[in-house]
Amino acid sequence: MAKKLCALTFDDGPNTDTTPLVLEKLRKYDITATFFIVGNNIDEDSEQVVKKAADMGCEICNHSRTHSAMPELSAEDIRAEIEFTSGEIKRITGKRPKFFRPPYIAVNSTMYENIDLTFIAGIGAEDWLPEVTAEERAEKILAQIKDGAVILLHDMSGNTPTVEALDIIIPALKEEYEFVTVSKLFELSGVTPKKGIVYSFTSQTTEY
């Protein structure tokens, strides 16, 4: 029987403290993930971490340049945010990203008109809040999981409880689920992403 599919994703990197710890967990469990990176977080050191993730088979995607609330920006500024980070991803990995996660999952029609990438959200765990424990983060994800899900976590600097939560989430799902990149999630699910949908599951059909 074929396994169900899910995509493990991380926001707000890259950095040289938490992102490498996430990569260690991925290596430990022999899985891949997708990283939605913030362009302004790329420097000489964190760039090497992005290269390492890509070399491991992980997918690198766009989370804007400055992590601003983009509905408040002009069309020109929105395009600049996306182009900067997509350009950096292409420079580092050789591939332009296919997917974009809107900061704060805040979207409007101007963004859809000016961003030619598939919009991704995901099932989350409020894992940017320090008071949410590793166990609570894992419980929140496991309570929402279903076939075709995108799991939304954060590898922001210092976010070690999420790294710890991976030791609960991944073993709990690995018997039943195959962990794939976001690109593979859509491909293996037989879904062609549409414009106007912010996907948390590949099964979504309701447009913005």
# chains A, B, ... in the order shown; residues from 1 in each chain; ligands from 1

$ select_by_dssp --residues "stretch 77-127 of chain A" --states "strand (DSSP E)" --output "list in words"
Phe99, Phe100, Thr118, Phe119 and Ile120 of chain A

$ select_by_dssp --residues "stretch 37-166 of chain A" --states "helix (DSSP H, G or I)" --output "number ranges by chain"
A: 39-41, 44-55, 70-72, 75-93, 103-105, 109-114, 134-144, 160-166

$ residues_around --residues "stretch 148-161 of chain A" --least-positions-apart "3" --cutoff "9 Å" --atoms "only C-alpha atoms" --output "count of residues only"
49

$ closest_residue --among "A:Lys194, A:Thr110, A:Asp116, A:Met1" --to "A:Asp77" --atoms "only C-alpha atoms"
A:Thr110

$ closest_atom_pairs --of "stretch 111-148 of chain A" --to "stretch 64-68 of chain A" --cutoff "12 Å" --atoms "only C-alpha atoms" --output "Markdown table"
| residue | atom | partner | partner_atom | distance |
| --- | --- | --- | --- | --- |
| A:Met111 | CA | A:Ser64 | CA | 11.6 |
| A:Ile115 | CA | A:Ser64 | CA | 10.6 |
| A:Leu117 | CA | A:Ser64 | CA | 11.6 |
| A:Phe119 | CA | A:Ser64 | CA | 11.8 |

$ write_last_selection --atoms "C-alpha atoms" --output "PDB file, in the first residue's frame"
ATOM      1  CA  MET A 111       0.440  40.041  -4.944  1.00  0.00           C
ATOM      2  CA  ILE A 115       4.172  37.154  -8.199  1.00  0.00           C
ATOM      3  CA  LEU A 117       4.993  31.599  -8.133  1.00  0.00           C
ATOM      4  CA  PHE A 119       1.533  30.456  -3.010  1.00  0.00           C
TER       5      PHE A 119
END

$ closest_residue --among "A:Lys25, A:Lys174, A:Lys3, A:Lys52" --to "A:Ile92" --atoms "only C-alpha atoms"
A:Lys52

$ closest_residue --among "A:Thr162, A:Ser74, A:Asn40, A:Asn62" --to "A:Arg96" --atoms "only C-alpha atoms"
A:Asn62

$ residues_around --residues "A:Gly57" --least-positions-apart "2" --cutoff "12 Å" --atoms "only C-alpha atoms" --output "list in words"
Leu23, Leu26, Arg27, Asp30, Ile31, Thr32, Ala33, Thr34, Phe35, Val50, Lys51, Lys52, Ala53, Ala54, Asp55, Glu59, Ile60, Thr93, Phe179, Val180, Thr181, Val182, Ser183 and Lys184 of chain A

$ atom_distance --atom1 "atom CA of A:Gln48" --atom2 "atom CA of A:Lys90"
13.9 Å
